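Here the structure is laid out as structure tokens; the discussion comes afterwards.
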Amino acid sequence: MKFRIGLLWLAIAASCLSACDRESDEAGVADETVEIHHSGELGRYRGLVYIPGSSVGESSVPLVVVIHGANMSAEVQREVTRFDLVAKREGFIVMYPDHENDALHPLQSWRFYNPTEMQRGAGDAEALAALTRKVLDGWNVDPERVYAIGLSAGGFMTSILGAAYPDLFAAIGLVEAGGYGIGLLGIAQPVGPLVLRPEITARSARQAMGPRARILPVINFQGQQDLAVRPETGAHAVQQWLMTNNLVASGTLRQPFQLTPAESIGIVPERGYPYQIDIYRDPEGCRMAEQVRIEGMGHFWPGEASDPGLAGVLSPSPNGAELAWSFFKRYRKSDTSLPCVESAL
């Protein structure tokens with residue numbers, strides 16, 4: 001999982017932070033970026049919290065936690081995903097978490113591969129949950145509308161968060177990443193998903209959920225030319241979460257949610273990669289999972305990065321932040337239950 005990023009993020013971070021602090025929305029409320037911290041068993045962690053002026057008011061607002069990949073940082077993830085633009089328009093808060101102990105995080109990677117940390121209250125998952133709760137405590141966030149999405153190593157961590165903290169996140173997103181429990185078997189080869197079948201990891205995720213288990217909507221983005229996290233791993237992640245949700249709903253692996261998409265939509269944009277959205281629905285026809293399969297794309301965040309040296313694609317379509325938010329906003333934590341998983345929009 002090698003990204004072409006260099007040291008450019010230092011300059012990006014400084015310019016972005018100062019610019020964001022100066023901007024105001026039409027009502028004159030200034031945008032703000034605040035850094036928060038947490039100390040855990042693996043050292044210090046931090047989070048960049050972007051609070052657009054459009055999110056400030058009497059009503060509580062959603063929170064999206066956007067988790068970086070290996071060889072990246074919170075600043076780079078922020079620049080690559082351009083989630084701030086969507087947050088400013090839609091009026092929600094974004095938090096970009098990071099770890100500060102490089103000795104315990106080789107290649108700046110989250111420790112998604114350590115089996116002892118794939119549970120509640122342990123390692124990076126505990127720290128990410130703690131940072132999320134600090135945002136909930138510090139700002140007017142609606143606890144029913146908290147979402148997490150991660151790229152690569154951050155996506156593997158997001159699957160862990162979904163299993164370990166289903167009481168915290170209403171829905172999750174995986175970008176070029178794998179499902180719960182697959183670890184390093186999900187990296188760089190197609191054999192791992194065949195060896196560690198989704199039926200196995202689905203049961204492990206359900207066990208990790210424990211008494212907090214609930215149906216968890218999931219969106220997955222997968223580049224069809226990704227050699228770091230191959231399409232087989234993305235497909236495995238979708239199957240694992242469908243099966244885990246079936247176990248939550250019925251105690252069986254294959255009902256009530258079908259393991260094949262109810263609908264597939266092919267999109268050929270004027271500029272950018274062609275892609276297909278596979279939509280999975282509950283028995284009432286409500287959307288509960290999506291996979292976005294992107295033709296020709298490798299191991300990147302989908303969207304038009306502002307600089308070719310960043311870990312993003314110089315392609316305007318598909319836009320990962322826009323598609324993720326379009327999916328997330330359908331869900332409130334307490335409403336992701338049968339007969340209809342979606343909330344009324």
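Identifiers in this document derive from the order of the structure tokens: chains are assigned A, B, ..., residues are numbered from 1 separately in each chain, and ligands are numbered from 1 in order of occurrence.
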I'd like a table as JSON lines: residues in range 239-268 of chain A with an atom no more than 8 Å from range 195-208 of chain A, each row giving the shortest atom pair and its distance in Å to one decimal, only C-alpha atoms counted, sorted by chain and rising residue number.
{"residue": "A:Gln239", "atom": "CA", "partner": "A:Pro198", "partner_atom": "CA", "distance": 6.2}
{"residue": "A:Gln240", "atom": "CA", "partner": "A:Pro198", "partner_atom": "CA", "distance": 4.7}
{"residue": "A:Trp241", "atom": "CA", "partner": "A:Ala202", "partner_atom": "CA", "distance": 6.5}
{"residue": "A:Met243", "atom": "CA", "partner": "A:Ala202", "partner_atom": "CA", "distance": 5.7}
{"residue": "A:Thr244", "atom": "CA", "partner": "A:Ala202", "partner_atom": "CA", "distance": 4.6}
{"residue": "A:Leu247", "atom": "CA", "partner": "A:Arg206", "partner_atom": "CA", "distance": 6.9}
{"residue": "A:Val248", "atom": "CA", "partner": "A:Arg206", "partner_atom": "CA", "distance": 7.0}
{"residue": "A:Leu253", "atom": "CA", "partner": "A:Glu199", "partner_atom": "CA", "distance": 7.2}
Export of prior selection with C-alpha atoms as a CSV table (one decimal), in the first residue's frame:
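Listing of out-v7.csv after writing:
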chain,number,residue,atom,x,y,z
A,239,GLN,CA,-20.4,-10.5,1.6
A,240,GLN,CA,-19.1,-10.5,5.2
A,241,TRP,CA,-21.2,-7.5,6.2
A,243,MET,CA,-23.9,-12.1,6.3
A,244,THR,CA,-23.1,-10.4,9.6
A,247,LEU,CA,-26.9,-13.1,11.7
A,248,VAL,CA,-28.0,-10.0,13.6
A,253,LEU,CA,-26.2,-16.3,7.2
Residue neighbourhood Asp335 in chain A, 10 Å, only C-alpha atoms, exclusion window fewer than 3 positions, as an MDAnalysis selection string: chainID A and resid 144 170 214:215 330:332 338:344
Residues just named, written with C-alpha atoms as a compact mmCIF listing (two decimals), in the first residue's frame:
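Result file is again_10.txt:
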# COMPACT_ATOMS: atom_id res chain seq x y z
CA GLU A 144 -27.87 9.06 15.83
CA ALA A 170 -24.79 4.46 12.29
CA ARG A 214 -27.53 -4.08 15.20
CA ILE A 215 -27.89 -3.99 11.43
CA ARG A 330 -30.08 7.71 4.63
CA TYR A 331 -29.42 6.26 8.10
CA ARG A 332 -30.03 7.00 11.74
CA LEU A 338 -36.41 -4.24 9.92
CA PRO A 339 -38.80 -3.89 8.23
CA CYS A 340 -37.01 -0.89 6.60
CA VAL A 341 -33.35 -0.13 7.35
CA GLU A 342 -33.47 3.41 5.94
CA SER A 343 -34.75 6.44 7.80
CA ALA A 344 -37.34 8.71 6.25
From A:Tyr280, A:Asn246, A:Leu259, A:Trp110, residue lying nearest Glu126 in chain A [only C-alpha atoms]: A:Trp110
Spatial neighbours of Arg230 in chain A, 10 Å, only C-alpha atoms, chain gap at least 5 places, as number ranges by chain: A: 176-178, 186-190, 193, 222-225, 235, 298-299
Save out the residues we just selected, C-alpha atoms, as a PDB file, in the first residue's frame.
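The resulting result15.pdb:
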ATOM      1  CA  GLU A 176     -10.020  -0.095  -1.168  1.00  0.00           C
ATOM      2  CA  ALA A 177     -10.225  -2.160   2.024  1.00  0.00           C
ATOM      3  CA  GLY A 178     -11.443  -5.412   3.527  1.00  0.00           C
ATOM      4  CA  GLY A 186      -6.779  -9.251   2.515  1.00  0.00           C
ATOM      5  CA  ILE A 187      -3.637  -7.641   1.108  1.00  0.00           C
ATOM      6  CA  ALA A 188      -2.054  -7.970  -2.352  1.00  0.00           C
ATOM      7  CA  GLN A 189      -3.357 -11.385  -3.414  1.00  0.00           C
ATOM      8  CA  PRO A 190      -6.661 -13.135  -4.188  1.00  0.00           C
ATOM      9  CA  PRO A 193     -10.604 -14.252   0.732  1.00  0.00           C
ATOM     10  CA  GLN A 222     -13.353  -0.942  -5.037  1.00  0.00           C
ATOM     11  CA  GLY A 223     -10.960  -0.127  -7.869  1.00  0.00           C
ATOM     12  CA  GLN A 224     -11.048  -2.992 -10.354  1.00  0.00           C
ATOM     13  CA  GLN A 225      -7.319  -2.547 -11.067  1.00  0.00           C
ATOM     14  CA  ALA A 235     -16.246  -8.507  -2.702  1.00  0.00           C
ATOM     15  CA  GLY A 298      -6.023   1.255  -8.780  1.00  0.00           C
ATOM     16  CA  HIS A 299      -5.352   1.769  -5.087  1.00  0.00           C
TER      17      HIS A 299
END
For range 37-42 of chain A, find every residue with an atom within 12 Å (counting only C-alpha atoms), except residues of its own chain fewer than 5 positions away, and show them as an mmCIF file with C-alpha atoms, in the first residue's frame.
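Done, and the output landed in around15.cif:
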data_model
loop_
_atom_site.group_PDB
_atom_site.id
_atom_site.type_symbol
_atom_site.label_atom_id
_atom_site.label_comp_id
_atom_site.auth_asym_id
_atom_site.auth_seq_id
_atom_site.Cartn_x
_atom_site.Cartn_y
_atom_site.Cartn_z
ATOM 1 C CA GLY A 47 -7.921 14.402 15.349
ATOM 2 C CA LEU A 48 -8.435 17.352 13.022
ATOM 3 C CA VAL A 49 -12.031 18.467 13.475
ATOM 4 C CA MET A 95 -13.014 14.507 11.942
ATOM 5 C CA TYR A 96 -9.727 13.227 10.488
ATOM 6 C CA PRO A 97 -7.967 11.051 13.100
ATOM 7 C CA ASP A 98 -4.279 10.181 13.269
ATOM 8 C CA HIS A 99 -1.793 8.331 15.463
ATOM 9 C CA GLU A 100 1.432 9.904 16.762
ATOM 10 C CA ASN A 101 3.567 6.874 17.720
ATOM 11 C CA ASP A 102 5.358 5.873 14.501
ATOM 12 C CA ALA A 103 7.349 3.151 16.259
ATOM 13 C CA LEU A 104 4.126 1.243 16.959
ATOM 14 C CA HIS A 105 2.619 2.113 13.563
ATOM 15 C CA TRP A 110 -3.268 1.558 11.646
ATOM 16 C CA ARG A 111 -2.853 -1.811 13.358
ATOM 17 C CA GLU A 117 -6.896 -5.349 18.705
ATOM 18 C CA GLY A 121 -11.562 -1.314 24.157
ATOM 19 C CA ALA A 122 -8.253 -2.297 22.538
ATOM 20 C CA GLY A 123 -5.553 -0.570 20.510
ATOM 21 C CA ASP A 124 -6.331 1.796 17.668
ATOM 22 C CA ALA A 125 -10.043 0.977 17.703
ATOM 23 C CA GLU A 126 -10.330 2.215 21.284
ATOM 24 C CA ALA A 127 -8.489 5.434 20.382
ATOM 25 C CA LEU A 128 -10.639 6.097 17.316
ATOM 26 C CA ALA A 129 -13.789 5.579 19.366
ATOM 27 C CA ALA A 130 -12.450 7.869 22.095
ATOM 28 C CA LEU A 131 -11.653 10.656 19.614
ATOM 29 C CA THR A 132 -15.129 10.266 18.126
ATOM 30 C CA ARG A 133 -16.714 10.598 21.565
ATOM 31 C CA LYS A 134 -14.658 13.751 22.208
ATOM 32 C CA VAL A 135 -16.254 15.343 19.160
#
Residue with smallest distance to Pro62 in chain A - pool A:Leu107, A:Leu151, A:Ala87, A:Val146, counting only C-alpha atoms: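 Ranking A:Leu107, A:Leu151, A:Ala87, A:Val146 by distance to Pro62 in chain A, first place goes to A:Val146.
The two atoms in question, CA of Trp139 in chain A and CA of Val29 in chain A, are spaced 15.0 Å apart.
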Test item: residues at most 12 Å from Glu58 in chain A, only C-alpha atoms, excluding those fewer than 3 positions along its chain, as a PyMOL selection string: chain A and resi 54-55+61+139-142
Backbone-only DSSP, strand (DSSP E) members of range 139-340 of chain A, as a PyMOL selection string: chain A and resi 141-151+171-175+218-223+263-267+275-281+287-294+301-304+312-313
Print the selection's residues with N, CA and C atoms to a file, as a tab-separated table (two decimals), in the first residue's frame.
chain	number	residue	atom	x	y	z
A	141	VAL	N	-23.32	17.48	18.09
A	141	VAL	CA	-23.42	16.38	17.14
A	141	VAL	C	-24.60	15.49	17.52
A	142	ASP	N	-25.33	15.06	16.50
A	142	ASP	CA	-26.43	14.13	16.70
A	142	ASP	C	-25.85	12.72	16.84
A	143	PRO	N	-25.96	12.08	18.01
A	143	PRO	CA	-25.39	10.74	18.18
A	143	PRO	C	-26.04	9.68	17.31
A	144	GLU	N	-27.20	9.99	16.73
A	144	GLU	CA	-27.87	9.06	15.83
A	144	GLU	C	-27.26	9.09	14.43
A	145	ARG	N	-26.43	10.12	14.15
A	145	ARG	CA	-25.92	10.30	12.79
A	145	ARG	C	-24.40	10.46	12.80
A	146	VAL	N	-23.72	9.45	13.29
A	146	VAL	CA	-22.26	9.41	13.30
A	146	VAL	C	-21.82	8.29	12.36
A	147	TYR	N	-20.90	8.60	11.45
A	147	TYR	CA	-20.49	7.66	10.40
A	147	TYR	C	-18.97	7.60	10.35
A	148	ALA	N	-18.45	6.48	9.88
A	148	ALA	CA	-17.00	6.33	9.71
A	148	ALA	C	-16.71	5.77	8.33
A	149	ILE	N	-15.65	6.29	7.71
A	149	ILE	CA	-15.20	5.78	6.42
A	149	ILE	C	-13.68	5.84	6.40
A	150	GLY	N	-13.05	4.81	5.81
A	150	GLY	CA	-11.59	4.77	5.79
A	150	GLY	C	-11.05	4.25	4.48
A	151	LEU	N	-9.85	4.72	4.15
A	151	LEU	CA	-9.13	4.30	2.95
A	151	LEU	C	-8.08	3.27	3.31
A	171	ALA	N	-23.48	3.97	10.28
A	171	ALA	CA	-23.15	3.28	9.03
A	171	ALA	C	-21.65	3.48	8.80
A	172	ILE	N	-21.07	2.62	7.96
A	172	ILE	CA	-19.63	2.70	7.69
A	172	ILE	C	-19.36	2.63	6.19
A	173	GLY	N	-18.15	3.11	5.81
A	173	GLY	CA	-17.70	3.04	4.43
A	173	GLY	C	-16.29	2.49	4.34
A	174	LEU	N	-16.05	1.63	3.37
A	174	LEU	CA	-14.75	1.00	3.15
A	174	LEU	C	-14.26	1.38	1.77
A	175	VAL	N	-13.05	1.93	1.68
A	175	VAL	CA	-12.49	2.35	0.40
A	175	VAL	C	-11.20	1.58	0.16
A	218	VAL	N	-23.51	-0.55	5.01
A	218	VAL	CA	-22.11	-0.48	4.57
A	218	VAL	C	-22.06	-0.09	3.10
A	219	ILE	N	-21.15	0.85	2.78
A	219	ILE	CA	-20.82	1.15	1.39
A	219	ILE	C	-19.36	0.81	1.17
A	220	ASN	N	-19.07	0.17	0.04
A	220	ASN	CA	-17.71	-0.25	-0.29
A	220	ASN	C	-17.33	0.32	-1.66
A	221	PHE	N	-16.12	0.88	-1.74
A	221	PHE	CA	-15.57	1.37	-3.00
A	221	PHE	C	-14.40	0.47	-3.39
A	222	GLN	N	-14.40	-0.02	-4.62
A	222	GLN	CA	-13.35	-0.94	-5.04
A	222	GLN	C	-12.87	-0.63	-6.45
A	223	GLY	N	-11.58	-0.28	-6.56
A	223	GLY	CA	-10.96	-0.13	-7.87
A	223	GLY	C	-10.73	-1.49	-8.49
A	263	GLU	N	-30.12	-4.53	-7.53
A	263	GLU	CA	-30.06	-3.61	-8.66
A	263	GLU	C	-28.61	-3.25	-8.91
A	264	SER	N	-28.22	-3.11	-10.17
A	264	SER	CA	-26.88	-2.65	-10.54
A	264	SER	C	-27.03	-1.52	-11.55
A	265	ILE	N	-26.39	-0.40	-11.25
A	265	ILE	CA	-26.49	0.78	-12.10
A	265	ILE	C	-25.12	1.07	-12.69
A	266	GLY	N	-25.01	1.06	-14.00
A	266	GLY	CA	-23.77	1.39	-14.68
A	266	GLY	C	-23.74	2.86	-15.07
A	267	ILE	N	-22.62	3.51	-14.78
A	267	ILE	CA	-22.49	4.95	-15.05
A	267	ILE	C	-21.23	5.19	-15.87
A	275	TYR	N	-18.13	3.45	-13.77
A	275	TYR	CA	-18.29	2.68	-12.54
A	275	TYR	C	-19.68	2.09	-12.46
A	276	GLN	N	-19.80	1.10	-11.59
A	276	GLN	CA	-21.07	0.41	-11.39
A	276	GLN	C	-21.40	0.41	-9.91
A	277	ILE	N	-22.66	0.73	-9.59
A	277	ILE	CA	-23.12	0.71	-8.20
A	277	ILE	C	-24.05	-0.49	-8.02
A	278	ASP	N	-23.62	-1.45	-7.22
A	278	ASP	CA	-24.46	-2.59	-6.85
A	278	ASP	C	-25.21	-2.24	-5.58
A	279	ILE	N	-26.52	-2.33	-5.63
A	279	ILE	CA	-27.37	-1.92	-4.51
A	279	ILE	C	-28.03	-3.16	-3.90
A	280	TYR	N	-27.87	-3.30	-2.60
A	280	TYR	CA	-28.48	-4.41	-1.85
A	280	TYR	C	-29.62	-3.84	-1.00
A	281	ARG	N	-30.76	-4.53	-1.02
A	281	ARG	CA	-31.93	-4.01	-0.33
A	281	ARG	C	-32.48	-5.03	0.67
A	287	ARG	N	-32.70	0.41	0.93
A	287	ARG	CA	-31.27	0.22	0.67
A	287	ARG	C	-30.52	-0.04	1.97
A	288	MET	N	-29.65	-1.08	1.99
A	288	MET	CA	-28.89	-1.36	3.20
A	288	MET	C	-27.40	-1.59	2.93
A	289	ALA	N	-27.00	-1.72	1.67
A	289	ALA	CA	-25.57	-1.83	1.34
A	289	ALA	C	-25.37	-1.45	-0.11
A	290	GLU	N	-24.16	-0.96	-0.40
A	290	GLU	CA	-23.77	-0.63	-1.77
A	290	GLU	C	-22.33	-1.06	-1.99
A	291	GLN	N	-22.02	-1.45	-3.22
A	291	GLN	CA	-20.64	-1.56	-3.64
A	291	GLN	C	-20.47	-0.75	-4.92
A	292	VAL	N	-19.46	0.13	-4.91
A	292	VAL	CA	-19.14	0.94	-6.07
A	292	VAL	C	-17.87	0.34	-6.70
A	293	ARG	N	-18.03	-0.27	-7.86
A	293	ARG	CA	-16.92	-0.93	-8.57
A	293	ARG	C	-16.45	-0.02	-9.70
A	294	ILE	N	-15.19	0.40	-9.63
A	294	ILE	CA	-14.68	1.45	-10.49
A	294	ILE	C	-13.71	0.86	-11.50
A	301	TRP	N	-8.07	6.85	-3.45
A	301	TRP	CA	-9.37	7.38	-3.08
A	301	TRP	C	-10.04	7.86	-4.36
A	302	PRO	N	-11.30	7.50	-4.59
A	302	PRO	CA	-11.96	7.92	-5.83
A	302	PRO	C	-12.34	9.40	-5.79
A	303	GLY	N	-11.82	10.14	-6.73
A	303	GLY	CA	-12.13	11.55	-6.79
A	303	GLY	C	-10.97	12.33	-7.37
A	304	GLU	N	-11.20	13.60	-7.62
A	304	GLU	CA	-10.23	14.44	-8.30
A	304	GLU	C	-9.33	15.13	-7.28
A	312	GLY	N	-4.72	10.35	-4.48
A	312	GLY	CA	-6.05	10.45	-5.05
A	312	GLY	C	-5.95	10.32	-6.56
A	313	VAL	N	-7.05	10.30	-7.23
A	313	VAL	CA	-7.08	10.10	-8.66
A	313	VAL	C	-7.41	11.41	-9.35
Shortest interatomic distance to Phe300 in chain A - which of A:Pro217, A:Gly320, A:Pro211, A:Pro115, counting only C-alpha atoms: A:Gly320
Residue among A:Pro256, A:Ala153, A:Val86, A:Cys286 lying closest to Val229 in chain A, counting only C-alpha atoms: A:Ala153
